[in-house]
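S.K.: Data: final_30.csv, CSV, C-alpha atoms.
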```
chain,number,residue,atom,x,y,z
A,1,MET,CA,108.6,-8.1,-40.4
A,2,PRO,CA,110.5,-9.2,-42.5
A,3,ASP,CA,107.6,-9.1,-44.9
A,4,VAL,CA,109.0,-8.7,-48.4
A,5,PRO,CA,107.2,-10.3,-51.3
A,6,GLU,CA,108.9,-13.2,-52.9
A,7,SER,CA,107.4,-12.7,-56.3
A,8,ALA,CA,107.6,-9.0,-57.1
A,9,THR,CA,105.5,-7.2,-59.7
A,10,SER,CA,106.5,-3.5,-59.6
A,11,THR,CA,110.1,-2.5,-60.2
A,12,ARG,CA,110.4,-1.1,-56.7
A,13,ASP,CA,109.1,-4.4,-55.2
A,14,ALA,CA,111.7,-6.3,-57.3
A,15,ILE,CA,114.5,-4.0,-56.1
A,16,MET,CA,113.3,-4.4,-52.5
A,17,ALA,CA,113.2,-8.2,-52.8
A,18,ALA,CA,116.7,-8.3,-54.3
A,19,THR,CA,117.9,-6.1,-51.4
A,20,TYR,CA,116.3,-8.4,-48.9
A,21,ARG,CA,118.0,-11.4,-50.4
A,22,ALA,CA,121.4,-9.6,-50.6
A,23,LEU,CA,121.2,-8.6,-46.9
A,24,CYS,CA,120.3,-12.2,-45.8
A,25,GLU,CA,123.2,-13.5,-47.8
A,26,HIS,CA,125.9,-11.0,-47.2
A,27,GLY,CA,125.0,-9.0,-44.1
A,28,TYR,CA,124.9,-5.2,-44.0
A,29,ALA,CA,128.7,-4.7,-44.3
A,30,GLY,CA,128.9,-7.2,-47.2
A,31,THR,CA,126.0,-5.8,-49.2
A,32,SER,CA,126.8,-3.5,-52.0
A,33,ILE,CA,124.8,-2.1,-54.9
A,34,SER,CA,126.5,-4.6,-57.2
A,35,ARG,CA,125.6,-7.5,-54.9
A,36,ILE,CA,122.0,-6.3,-54.8
A,37,ALA,CA,122.2,-6.1,-58.6
A,38,ASP,CA,123.3,-9.8,-58.7
A,39,GLU,CA,120.0,-10.7,-57.0
A,40,PHE,CA,118.0,-8.5,-59.4
A,41,ASP,CA,116.3,-10.2,-62.4
A,42,LYS,CA,115.5,-7.0,-64.4
A,43,SER,CA,117.9,-4.7,-66.1
A,44,LYS,CA,120.6,-3.7,-63.6
A,45,SER,CA,120.8,-0.2,-65.1
A,46,LEU,CA,117.4,0.4,-63.6
A,47,LEU,CA,118.9,-0.1,-60.2
A,48,TYR,CA,121.8,2.3,-60.8
A,49,TYR,CA,119.3,4.8,-62.3
A,50,HIS,CA,117.2,4.9,-59.2
A,51,TYR,CA,119.8,5.0,-56.5
A,52,GLU,CA,123.0,7.0,-56.0
A,53,ASP,CA,124.6,4.6,-53.6
A,54,LYS,CA,124.1,1.7,-51.2
A,55,ASP,CA,123.1,4.0,-48.3
A,56,GLU,CA,120.3,5.6,-50.4
A,57,LEU,CA,119.0,2.2,-51.5
A,58,LEU,CA,119.1,0.8,-47.9
A,59,ALA,CA,117.4,3.9,-46.5
A,60,ASP,CA,114.6,3.4,-49.1
A,61,PHE,CA,114.5,-0.3,-48.1
A,62,LEU,CA,114.0,0.7,-44.4
A,63,GLY,CA,111.2,3.0,-45.6
A,64,TYR,CA,109.6,0.2,-47.6
A,65,LEU,CA,109.6,-2.1,-44.5
A,66,LEU,CA,108.0,0.7,-42.6
A,67,ASP,CA,105.2,1.1,-45.2
A,68,ARG,CA,104.6,-2.7,-45.1
A,69,LEU,CA,104.4,-2.6,-41.4
A,70,GLU,CA,101.9,0.2,-41.5
A,71,ALA,CA,99.8,-1.8,-44.0
A,72,ASP,CA,100.0,-4.9,-41.8
A,73,LEU,CA,98.8,-2.9,-38.8
A,74,ARG,CA,95.8,-1.7,-40.9
A,75,GLU,CA,94.9,-5.0,-42.5
A,76,ASP,CA,96.6,-8.0,-40.9
A,77,LEU,CA,96.3,-7.8,-37.2
A,78,PRO,CA,93.2,-8.6,-35.1
A,79,GLU,CA,91.2,-5.7,-33.8
A,80,LYS,CA,90.7,-7.0,-30.2
A,81,PRO,CA,93.3,-5.4,-27.9
A,82,ARG,CA,94.6,-8.6,-26.3
A,83,GLU,CA,95.0,-10.5,-29.6
A,84,ARG,CA,96.3,-7.4,-31.3
A,85,LEU,CA,99.0,-6.9,-28.7
A,86,PHE,CA,100.3,-10.5,-28.8
A,87,GLY,CA,100.0,-10.5,-32.6
A,88,LEU,CA,102.1,-7.4,-32.9
A,89,ILE,CA,104.8,-8.9,-30.6
A,90,GLU,CA,104.9,-12.1,-32.7
A,91,LYS,CA,105.2,-10.0,-35.9
A,92,LEU,CA,108.1,-7.9,-34.6
A,93,ALA,CA,110.1,-10.5,-32.6
A,94,PRO,CA,108.9,-14.0,-33.6
A,95,ALA,CA,109.3,-16.6,-30.8
A,96,SER,CA,110.9,-19.0,-33.3
A,97,VAL,CA,113.3,-17.6,-35.9
A,98,ASP,CA,114.7,-19.7,-38.8
A,99,ASP,CA,118.1,-19.0,-40.3
A,100,GLU,CA,116.8,-16.6,-42.9
A,101,HIS,CA,115.1,-14.5,-40.3
A,102,LEU,CA,118.3,-14.6,-38.2
A,103,GLN,CA,120.4,-13.4,-41.1
A,104,PHE,CA,117.9,-10.6,-41.9
A,105,PHE,CA,117.6,-9.4,-38.3
A,106,ARG,CA,121.4,-9.4,-38.1
A,107,ALA,CA,121.5,-7.0,-41.1
A,108,LEU,CA,118.8,-4.9,-39.5
A,109,LEU,CA,120.7,-4.6,-36.2
A,110,GLU,CA,123.9,-3.7,-38.1
A,111,MET,CA,122.0,-0.9,-39.9
A,112,ARG,CA,120.5,0.3,-36.6
A,113,ALA,CA,124.1,0.5,-35.2
A,114,GLN,CA,124.9,2.8,-38.1
A,115,VAL,CA,122.2,5.3,-37.1
A,116,PRO,CA,124.6,7.7,-35.4
A,117,HIS,CA,126.6,7.9,-38.6
A,118,GLN,CA,123.8,7.7,-41.2
A,119,SER,CA,121.1,10.3,-40.9
A,120,ALA,CA,119.0,8.6,-43.6
A,121,TYR,CA,118.8,5.5,-41.6
A,122,ARG,CA,118.1,7.4,-38.4
A,123,GLU,CA,115.0,9.0,-39.8
A,124,GLN,CA,113.6,5.6,-40.9
A,125,PHE,CA,114.4,3.9,-37.6
A,126,GLU,CA,112.9,6.8,-35.6
A,127,ARG,CA,109.7,6.7,-37.7
A,128,THR,CA,109.5,2.9,-37.2
A,129,ASP,CA,110.1,3.1,-33.4
A,130,GLU,CA,107.5,5.9,-33.2
A,131,LEU,CA,104.9,3.8,-35.3
A,132,ILE,CA,105.4,0.8,-33.0
A,133,ARG,CA,105.4,2.8,-29.8
A,134,ALA,CA,102.1,4.6,-30.8
A,135,GLU,CA,100.5,1.3,-31.9
A,136,LEU,CA,101.4,-0.4,-28.6
A,137,THR,CA,100.2,2.6,-26.6
A,138,ASP,CA,96.9,2.7,-28.5
A,139,THR,CA,96.4,-1.1,-28.1
A,140,ILE,CA,97.1,-1.0,-24.4
A,141,LYS,CA,94.8,2.0,-24.0
A,142,ALA,CA,92.0,0.2,-25.9
A,143,GLY,CA,92.4,-2.9,-23.8
A,144,ILE,CA,92.2,-0.8,-20.6
A,145,GLU,CA,89.0,0.9,-21.9
A,146,ASN,CA,87.3,-2.3,-22.8
A,147,GLY,CA,88.3,-4.0,-19.5
A,148,ASP,CA,90.7,-6.5,-21.0
A,149,PHE,CA,93.8,-5.0,-19.3
A,150,ALA,CA,94.5,-3.6,-15.8
A,151,PRO,CA,94.8,0.2,-15.6
A,152,VAL,CA,98.6,0.6,-16.2
A,153,ASP,CA,100.2,3.6,-17.7
A,154,PRO,CA,99.9,2.9,-21.5
A,155,ALA,CA,102.8,5.0,-22.6
A,156,ARG,CA,105.3,3.6,-20.1
A,157,THR,CA,104.2,0.0,-20.7
A,158,ALA,CA,104.4,0.5,-24.4
A,159,GLU,CA,107.9,2.0,-24.1
A,160,PHE,CA,109.0,-1.0,-22.0
A,161,VAL,CA,107.5,-3.6,-24.4
A,162,LEU,CA,109.3,-1.8,-27.3
A,163,ALA,CA,112.6,-1.8,-25.5
A,164,THR,CA,112.1,-5.5,-24.6
A,165,LEU,CA,111.4,-6.4,-28.2
A,166,TYR,CA,114.7,-4.9,-29.2
A,167,GLY,CA,116.3,-6.7,-26.3
A,168,VAL,CA,114.9,-10.0,-27.4
A,169,LEU,CA,116.6,-9.5,-30.8
A,170,GLU,CA,119.8,-7.9,-29.5
A,171,ARG,CA,120.3,-10.7,-27.0
A,172,GLY,CA,120.1,-13.6,-29.3
A,173,VAL,CA,120.4,-12.5,-33.0
A,174,PRO,CA,124.1,-11.4,-33.2
A,175,THR,CA,125.3,-14.7,-31.5
A,176,GLY,CA,122.7,-16.8,-33.2
A,177,ASP,CA,121.3,-18.0,-29.8
A,178,SER,CA,117.7,-18.7,-30.8
A,179,GLU,CA,117.0,-20.4,-27.5
A,180,SER,CA,117.6,-17.2,-25.6
A,181,ILE,CA,115.3,-15.4,-28.0
A,182,GLN,CA,112.5,-17.9,-27.3
A,183,THR,CA,113.0,-17.8,-23.5
A,184,ALA,CA,113.0,-14.0,-23.4
A,185,ARG,CA,109.9,-13.9,-25.6
A,186,GLU,CA,108.0,-16.3,-23.3
A,187,GLU,CA,109.0,-14.3,-20.3
A,188,LEU,CA,107.8,-11.0,-22.0
A,189,GLU,CA,104.5,-12.7,-22.4
A,190,ALA,CA,104.5,-13.8,-18.7
A,191,TYR,CA,105.3,-10.1,-17.8
A,192,LEU,CA,102.3,-8.9,-19.8
A,193,GLU,CA,100.1,-11.6,-18.2
A,194,VAL,CA,101.1,-10.4,-14.7
A,195,ARG,CA,101.1,-6.7,-15.5
A,196,LEU,CA,98.1,-6.4,-17.8
A,197,LEU,CA,95.9,-9.3,-17.3
A,198,GLU,CA,96.0,-10.4,-13.7
A,199,GLU,CA,96.5,-7.2,-11.7
A,200,GLU,CA,93.5,-5.3,-10.5
B,201,MET,CA,130.6,-0.6,-17.5
B,202,PRO,CA,132.1,1.5,-18.9
B,203,ASP,CA,134.7,1.4,-16.2
B,204,VAL,CA,138.1,2.2,-17.7
B,205,PRO,CA,140.6,4.0,-15.4
B,206,GLU,CA,141.4,7.5,-16.4
B,207,SER,CA,144.9,7.6,-15.1
B,208,ALA,CA,146.5,4.4,-16.2
B,209,THR,CA,149.5,2.8,-14.6
B,210,SER,CA,150.3,-0.3,-16.6
B,211,THR,CA,150.9,-0.2,-20.4
B,212,ARG,CA,147.8,-2.4,-21.0
B,213,ASP,CA,145.7,0.0,-18.8
B,214,ALA,CA,147.1,2.9,-20.9
B,215,ILE,CA,146.2,1.2,-24.2
B,216,MET,CA,142.7,0.3,-23.0
B,217,ALA,CA,142.1,3.9,-21.8
B,218,ALA,CA,143.3,5.2,-25.2
B,219,THR,CA,141.0,2.7,-26.9
B,220,TYR,CA,138.0,3.9,-24.8
B,221,ARG,CA,138.7,7.5,-25.7
B,222,ALA,CA,139.0,6.7,-29.4
B,223,LEU,CA,135.8,4.7,-29.4
B,224,CYS,CA,133.9,7.6,-27.6
B,225,GLU,CA,135.3,10.1,-30.1
B,226,HIS,CA,135.1,8.2,-33.4
B,227,GLY,CA,132.7,5.4,-32.9
B,228,TYR,CA,133.5,1.8,-33.9
B,229,ALA,CA,133.7,2.3,-37.7
B,230,GLY,CA,135.9,5.4,-37.3
B,231,THR,CA,138.3,3.9,-34.8
B,232,SER,CA,141.6,2.7,-36.2
B,233,ILE,CA,144.9,1.7,-34.6
B,234,SER,CA,146.3,5.0,-35.6
B,235,ARG,CA,143.5,7.0,-34.0
B,236,ILE,CA,143.9,4.9,-30.8
B,237,ALA,CA,147.7,5.8,-31.0
B,238,ASP,CA,146.7,9.4,-31.2
B,239,GLU,CA,145.1,9.0,-27.7
B,240,PHE,CA,148.1,7.1,-26.4
B,241,ASP,CA,150.7,9.0,-24.4
B,242,LYS,CA,153.4,6.4,-24.3
B,243,SER,CA,155.5,5.3,-27.3
B,244,LYS,CA,153.2,4.4,-30.2
B,245,SER,CA,155.4,1.6,-31.3
B,246,LEU,CA,154.4,-0.3,-28.1
B,247,LEU,CA,150.9,-0.3,-29.4
B,248,TYR,CA,151.8,-1.7,-32.9
B,249,TYR,CA,154.1,-4.2,-31.1
B,250,HIS,CA,151.2,-5.6,-29.0
B,251,TYR,CA,148.5,-5.8,-31.6
B,252,GLU,CA,148.3,-6.9,-35.2
B,253,ASP,CA,145.3,-4.9,-36.2
B,254,LYS,CA,142.3,-3.0,-34.9
B,255,ASP,CA,140.1,-6.1,-34.5
B,256,GLU,CA,142.7,-7.8,-32.3
B,257,LEU,CA,143.0,-4.7,-30.2
B,258,LEU,CA,139.2,-4.3,-29.8
B,259,ALA,CA,138.7,-7.9,-29.0
B,260,ASP,CA,141.3,-7.5,-26.2
B,261,PHE,CA,139.5,-4.3,-25.1
B,262,LEU,CA,136.2,-6.3,-24.8
B,263,GLY,CA,138.1,-8.9,-22.7
B,264,TYR,CA,139.4,-6.1,-20.5
B,265,LEU,CA,135.9,-4.8,-19.9
B,266,LEU,CA,134.8,-8.3,-19.0
B,267,ASP,CA,137.6,-8.7,-16.5
B,268,ARG,CA,136.7,-5.4,-14.9
B,269,LEU,CA,133.1,-6.4,-14.8
B,270,GLU,CA,134.1,-9.6,-13.0
B,271,ALA,CA,136.2,-7.6,-10.5
B,272,ASP,CA,133.2,-5.3,-9.9
B,273,LEU,CA,130.9,-8.3,-9.3
B,274,ARG,CA,133.4,-9.6,-6.7
B,275,GLU,CA,134.2,-6.3,-4.9
B,276,ASP,CA,131.9,-3.5,-5.8
B,277,LEU,CA,128.3,-4.7,-5.5
B,278,PRO,CA,126.3,-5.2,-2.3
B,279,GLU,CA,125.9,-8.8,-1.1
B,280,LYS,CA,122.2,-8.6,-0.3
B,281,PRO,CA,120.2,-10.1,-3.3
B,282,ARG,CA,117.8,-7.2,-3.7
B,283,GLU,CA,120.4,-4.4,-3.6
B,284,ARG,CA,122.7,-6.6,-5.6
B,285,LEU,CA,120.2,-7.1,-8.4
B,286,PHE,CA,119.3,-3.4,-8.7
B,287,GLY,CA,123.0,-2.4,-8.4
B,288,LEU,CA,123.9,-4.7,-11.3
B,289,ILE,CA,121.1,-3.3,-13.5
B,290,GLU,CA,122.3,0.2,-12.8
B,291,LYS,CA,125.9,-0.8,-13.6
B,292,LEU,CA,124.9,-2.4,-16.9
B,293,ALA,CA,122.3,0.1,-18.2
B,294,PRO,CA,122.4,3.3,-16.1
B,295,ALA,CA,119.1,5.1,-15.8
B,296,SER,CA,120.7,8.4,-16.8
B,297,VAL,CA,123.4,8.4,-19.4
B,298,ASP,CA,125.6,11.4,-20.3
B,299,ASP,CA,127.0,12.0,-23.8
B,300,GLU,CA,130.2,10.1,-23.1
B,301,HIS,CA,128.3,7.0,-22.0
B,302,LEU,CA,126.1,7.4,-25.0
B,303,GLN,CA,129.0,7.5,-27.4
B,304,PHE,CA,130.6,4.5,-25.7
B,305,PHE,CA,127.5,2.4,-25.7
B,306,ARG,CA,127.0,3.3,-29.4
B,307,ALA,CA,130.5,1.9,-30.1
B,308,LEU,CA,129.7,-1.2,-28.1
B,309,LEU,CA,126.5,-1.9,-30.0
B,310,GLU,CA,128.3,-1.4,-33.3
B,311,MET,CA,130.9,-4.0,-32.1
B,312,ARG,CA,128.1,-6.4,-31.1
B,313,ALA,CA,126.5,-6.0,-34.5
B,314,GLN,CA,129.8,-7.2,-35.9
B,315,VAL,CA,129.7,-10.5,-34.0
B,316,PRO,CA,128.4,-12.6,-36.9
B,317,HIS,CA,131.5,-11.5,-38.9
B,318,GLN,CA,134.2,-11.3,-36.1
B,319,SER,CA,134.7,-14.5,-34.2
B,320,ALA,CA,137.1,-12.7,-31.7
B,321,TYR,CA,134.3,-10.3,-30.7
B,322,ARG,CA,131.8,-13.1,-30.6
B,323,GLU,CA,133.8,-15.0,-28.0
B,324,GLN,CA,134.0,-11.9,-25.7
B,325,PHE,CA,130.3,-11.0,-26.0
B,326,GLU,CA,129.3,-14.6,-25.4
B,327,ARG,CA,131.5,-14.8,-22.3
B,328,THR,CA,130.1,-11.4,-21.1
B,329,ASP,CA,126.4,-12.5,-21.7
B,330,GLU,CA,127.1,-15.7,-19.8
B,331,LEU,CA,128.7,-13.9,-16.9
B,332,ILE,CA,125.8,-11.5,-16.5
B,333,ARG,CA,123.2,-14.3,-17.0
B,334,ALA,CA,124.8,-16.5,-14.4
B,335,GLU,CA,125.2,-13.5,-12.0
B,336,LEU,CA,121.5,-12.6,-12.4
B,337,THR,CA,120.4,-16.2,-12.0
B,338,ASP,CA,122.5,-16.6,-8.8
B,339,THR,CA,121.3,-13.3,-7.3
B,340,ILE,CA,117.6,-14.1,-8.0
B,341,LYS,CA,118.1,-17.6,-6.6
B,342,ALA,CA,119.7,-16.2,-3.4
B,343,GLY,CA,116.8,-13.7,-3.1
B,344,ILE,CA,114.3,-16.5,-3.3
B,345,GLU,CA,116.2,-18.6,-0.7
B,346,ASN,CA,116.4,-15.8,1.8
B,347,GLY,CA,112.8,-14.8,1.3
B,348,ASP,CA,113.4,-11.5,-0.5
B,349,PHE,CA,111.9,-12.6,-3.8
B,350,ALA,CA,108.8,-14.6,-4.9
B,351,PRO,CA,109.6,-18.1,-6.1
B,352,VAL,CA,110.0,-17.4,-9.8
B,353,ASP,CA,112.1,-19.4,-12.2
B,354,PRO,CA,115.5,-17.8,-11.7
B,355,ALA,CA,117.0,-18.8,-15.1
B,356,ARG,CA,114.0,-17.6,-17.1
B,357,THR,CA,113.8,-14.3,-15.2
B,358,ALA,CA,117.5,-13.7,-15.5
B,359,GLU,CA,117.3,-14.3,-19.3
B,360,PHE,CA,114.5,-11.8,-19.6
B,361,VAL,CA,116.3,-9.2,-17.5
B,362,LEU,CA,119.4,-9.6,-19.6
B,363,ALA,CA,117.4,-9.2,-22.8
B,364,THR,CA,115.6,-6.2,-21.4
B,365,LEU,CA,118.9,-4.6,-20.4
B,366,TYR,CA,120.1,-4.9,-24.0
B,367,GLY,CA,116.7,-3.6,-25.1
B,368,VAL,CA,117.0,-0.5,-23.0
B,369,LEU,CA,120.3,0.3,-24.7
B,370,GLU,CA,119.2,-0.8,-28.2
B,371,ARG,CA,116.1,1.3,-28.0
B,372,GLY,CA,117.6,4.6,-27.0
B,373,VAL,CA,121.4,4.5,-27.7
B,374,PRO,CA,121.6,4.6,-31.5
B,375,THR,CA,119.1,7.4,-31.8
B,376,GLY,CA,120.4,9.2,-28.7
B,377,ASP,CA,116.9,9.1,-27.1
B,378,SER,CA,117.9,9.1,-23.4
B,379,GLU,CA,114.4,9.7,-22.3
B,380,SER,CA,113.3,6.4,-23.7
B,381,ILE,CA,116.2,4.7,-21.9
B,382,GLN,CA,115.1,6.2,-18.6
B,383,THR,CA,111.4,5.2,-19.1
B,384,ALA,CA,112.3,1.6,-20.1
B,385,ARG,CA,114.7,1.3,-17.1
B,386,GLU,CA,112.0,2.5,-14.7
B,387,GLU,CA,109.5,0.1,-16.1
B,388,LEU,CA,112.0,-2.8,-15.8
B,389,GLU,CA,112.2,-2.0,-12.1
B,390,ALA,CA,108.4,-1.9,-11.9
B,391,TYR,CA,108.4,-5.3,-13.6
B,392,LEU,CA,110.8,-6.6,-11.0
B,393,GLU,CA,108.8,-5.1,-8.2
B,394,VAL,CA,105.6,-6.9,-9.4
B,395,ARG,CA,107.3,-10.1,-10.4
B,396,LEU,CA,109.8,-10.6,-7.6
B,397,LEU,CA,108.7,-8.5,-4.7
B,398,GLU,CA,105.0,-8.4,-4.5
B,399,GLU,CA,103.8,-11.8,-5.8
B,400,GLU,CA,103.4,-14.7,-3.4
```
Take the structure in the file and give it back as structure tokens.

M.R.:
Amino acid sequence: MPDVPESATSTRDAIMAATYRALCEHGYAGTSISRIADEFDKSKSLLYYHYEDKDELLADFLGYLLDRLEADLREDLPEKPRERLFGLIEKLAPASVDDEHLQFFRALLEMRAQVPHQSAYREQFERTDELIRAELTDTIKAGIENGDFAPVDPARTAEFVLATLYGVLERGVPTGDSESIQTAREELEAYLEVRLLEEE
Amino acid sequence: MPDVPESATSTRDAIMAATYRALCEHGYAGTSISRIADEFDKSKSLLYYHYEDKDELLADFLGYLLDRLEADLREDLPEKPRERLFGLIEKLAPASVDDEHLQFFRALLEMRAQVPHQSAYREQFERTDELIRAELTDTIKAGIENGDFAPVDPARTAEFVLATLYGVLERGVPTGDSESIQTAREELEAYLEVRLLEEE
């Protein structure tokens, strides 16, 4: 994540790609249907036909990201628990973020902050958190079973990793402090080394 | 944090307490100068006299929280490194949050998400992050020196703890999932036990 196709084939892909570009450029608060339409190559009426307002479109965008994350988990990540765990962490909170990523993560955190007021966002974020939590739990469990990892509590460790991934983003993304993102990411990996790989 | 006096003596204290109540009740987006004025017992013109707009008032509120946090660090926390570290964590991300805390943390995360667009907020959050980061670093350093803690890298460990504290909040506050807050907090303490207290 973010994993939105640059060249879109279907109408929905094209709308989602335009939404991604508008969020990177204008942030959440500055993004409107008309600004998304500005990024959209096909007939703008299509966009107004499909979505009532910005919130409906952005909730669909969050669902789209979730679908793509699910597809990545199925197809893109290694099977071996250790590689899978670190691959998932890199996908969700990359150690090194460029300006485009930073802008996009900013918009995502702004949307997440809207959750108490936007039930459509809430549902998508809750589903996303649950997907990641379950995936982390299963991966840690598989690693314990095959002897890669120490016998920790998979659910608790997964919950902590998920919280820490959000923390890595929340710490550095709003202020644009990419150095703190990198340090916290490295230290998360050091934690996992100590907790999962070296303990007995 | 949040640590705003309920019975206020000075005008500024009274404005800050009114701001706190308005944020808890209406969230960041729903808070306006006039809603803060509704929570304010003294003459409302005082409030309009002191602040140009909502953003100026809220930036001052963030500075006020920072001053109170600084005072707490001086007066309120134990001196011994181990107790001080865990006391600081409990102050910043309490293991158990009631509804009022949850509402208030929601408003704080909404304000933090505004940092890319509000330079007055940015400055206050950057100063707050820096204060906490420095305090964590010094406490870990002091614990290494007096033999309480294993010889970790104090700056890196502090950066990770700070990120994780944000993560604990970001994970559970927007969705109101206080169970995940508690689990992540407990696992943060387990991490510190392993990393700081048991290693050699």

S.K.: Between atom CA of Ala71 of chain A and atom CA of Ser178 of chain A, what is the distance in Å, rounded to a tenth?

M.R.: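 A separation of 27.9 Å between them.
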
S.K.: Counting only C-alpha atoms, which residue out of A:Ala150, A:Leu77, A:Ala29, A:Leu62 sits closest to chain B?

M.R.: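 The shortest atom-to-atom distance to chain B comes from A:Ala29.
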
S.K.: Taking only C-alpha atoms into account, report as a list in words which residues of chain B lie within 6 Å of chain A.

M.R.: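 Per the criterion, chain B yields Glu310, Ala313, Val315, Pro316, Glu359, Phe360, Ala363, Thr364, Tyr366, Gly367, Val368, Arg371, Pro374 and Ala384 of chain B.
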
S.K.: Calculate how many Å separate atom CA of Glu256 of chain B from atom CA of Ala320 of chain B, rounding to one decimal.

M.R.: 7.5 Å

S.K.: What lies within 12 Å of Lys44 of chain A using all atoms listed in the file, ignoring chain neighbours under 4 positions off, as a CSV table (one decimal) with C-alpha atoms, in the frame of the given file?

M.R.:
```csv
chain,number,residue,atom,x,y,z
A,11,THR,CA,110.1,-2.5,-60.2
A,14,ALA,CA,111.7,-6.3,-57.3
A,15,ILE,CA,114.5,-4.0,-56.1
A,18,ALA,CA,116.7,-8.3,-54.3
A,33,ILE,CA,124.8,-2.1,-54.9
A,34,SER,CA,126.5,-4.6,-57.2
A,35,ARG,CA,125.6,-7.5,-54.9
A,36,ILE,CA,122.0,-6.3,-54.8
A,37,ALA,CA,122.2,-6.1,-58.6
A,38,ASP,CA,123.3,-9.8,-58.7
A,39,GLU,CA,120.0,-10.7,-57.0
A,40,PHE,CA,118.0,-8.5,-59.4
A,48,TYR,CA,121.8,2.3,-60.8
A,49,TYR,CA,119.3,4.8,-62.3
A,50,HIS,CA,117.2,4.9,-59.2
A,51,TYR,CA,119.8,5.0,-56.5
```

S.K.: Considering all atoms listed in the file, can you say which of B:Glu330, B:Leu247, B:Ile340, B:Ala259 comes closest to Arg212 of chain B?

M.R.: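 Among B:Glu330, B:Leu247, B:Ile340, B:Ala259, it is B:Leu247 that comes nearest to Arg212 of chain B.
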
S.K.: For atom CA of Val297 of chain B and atom CA of Glu379 of chain B, quote the distance in Å rounded to one decimal.

M.R.: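 One can read the atom CA of Val297 of chain B to atom CA of Glu379 of chain B distance as 9.5 Å.
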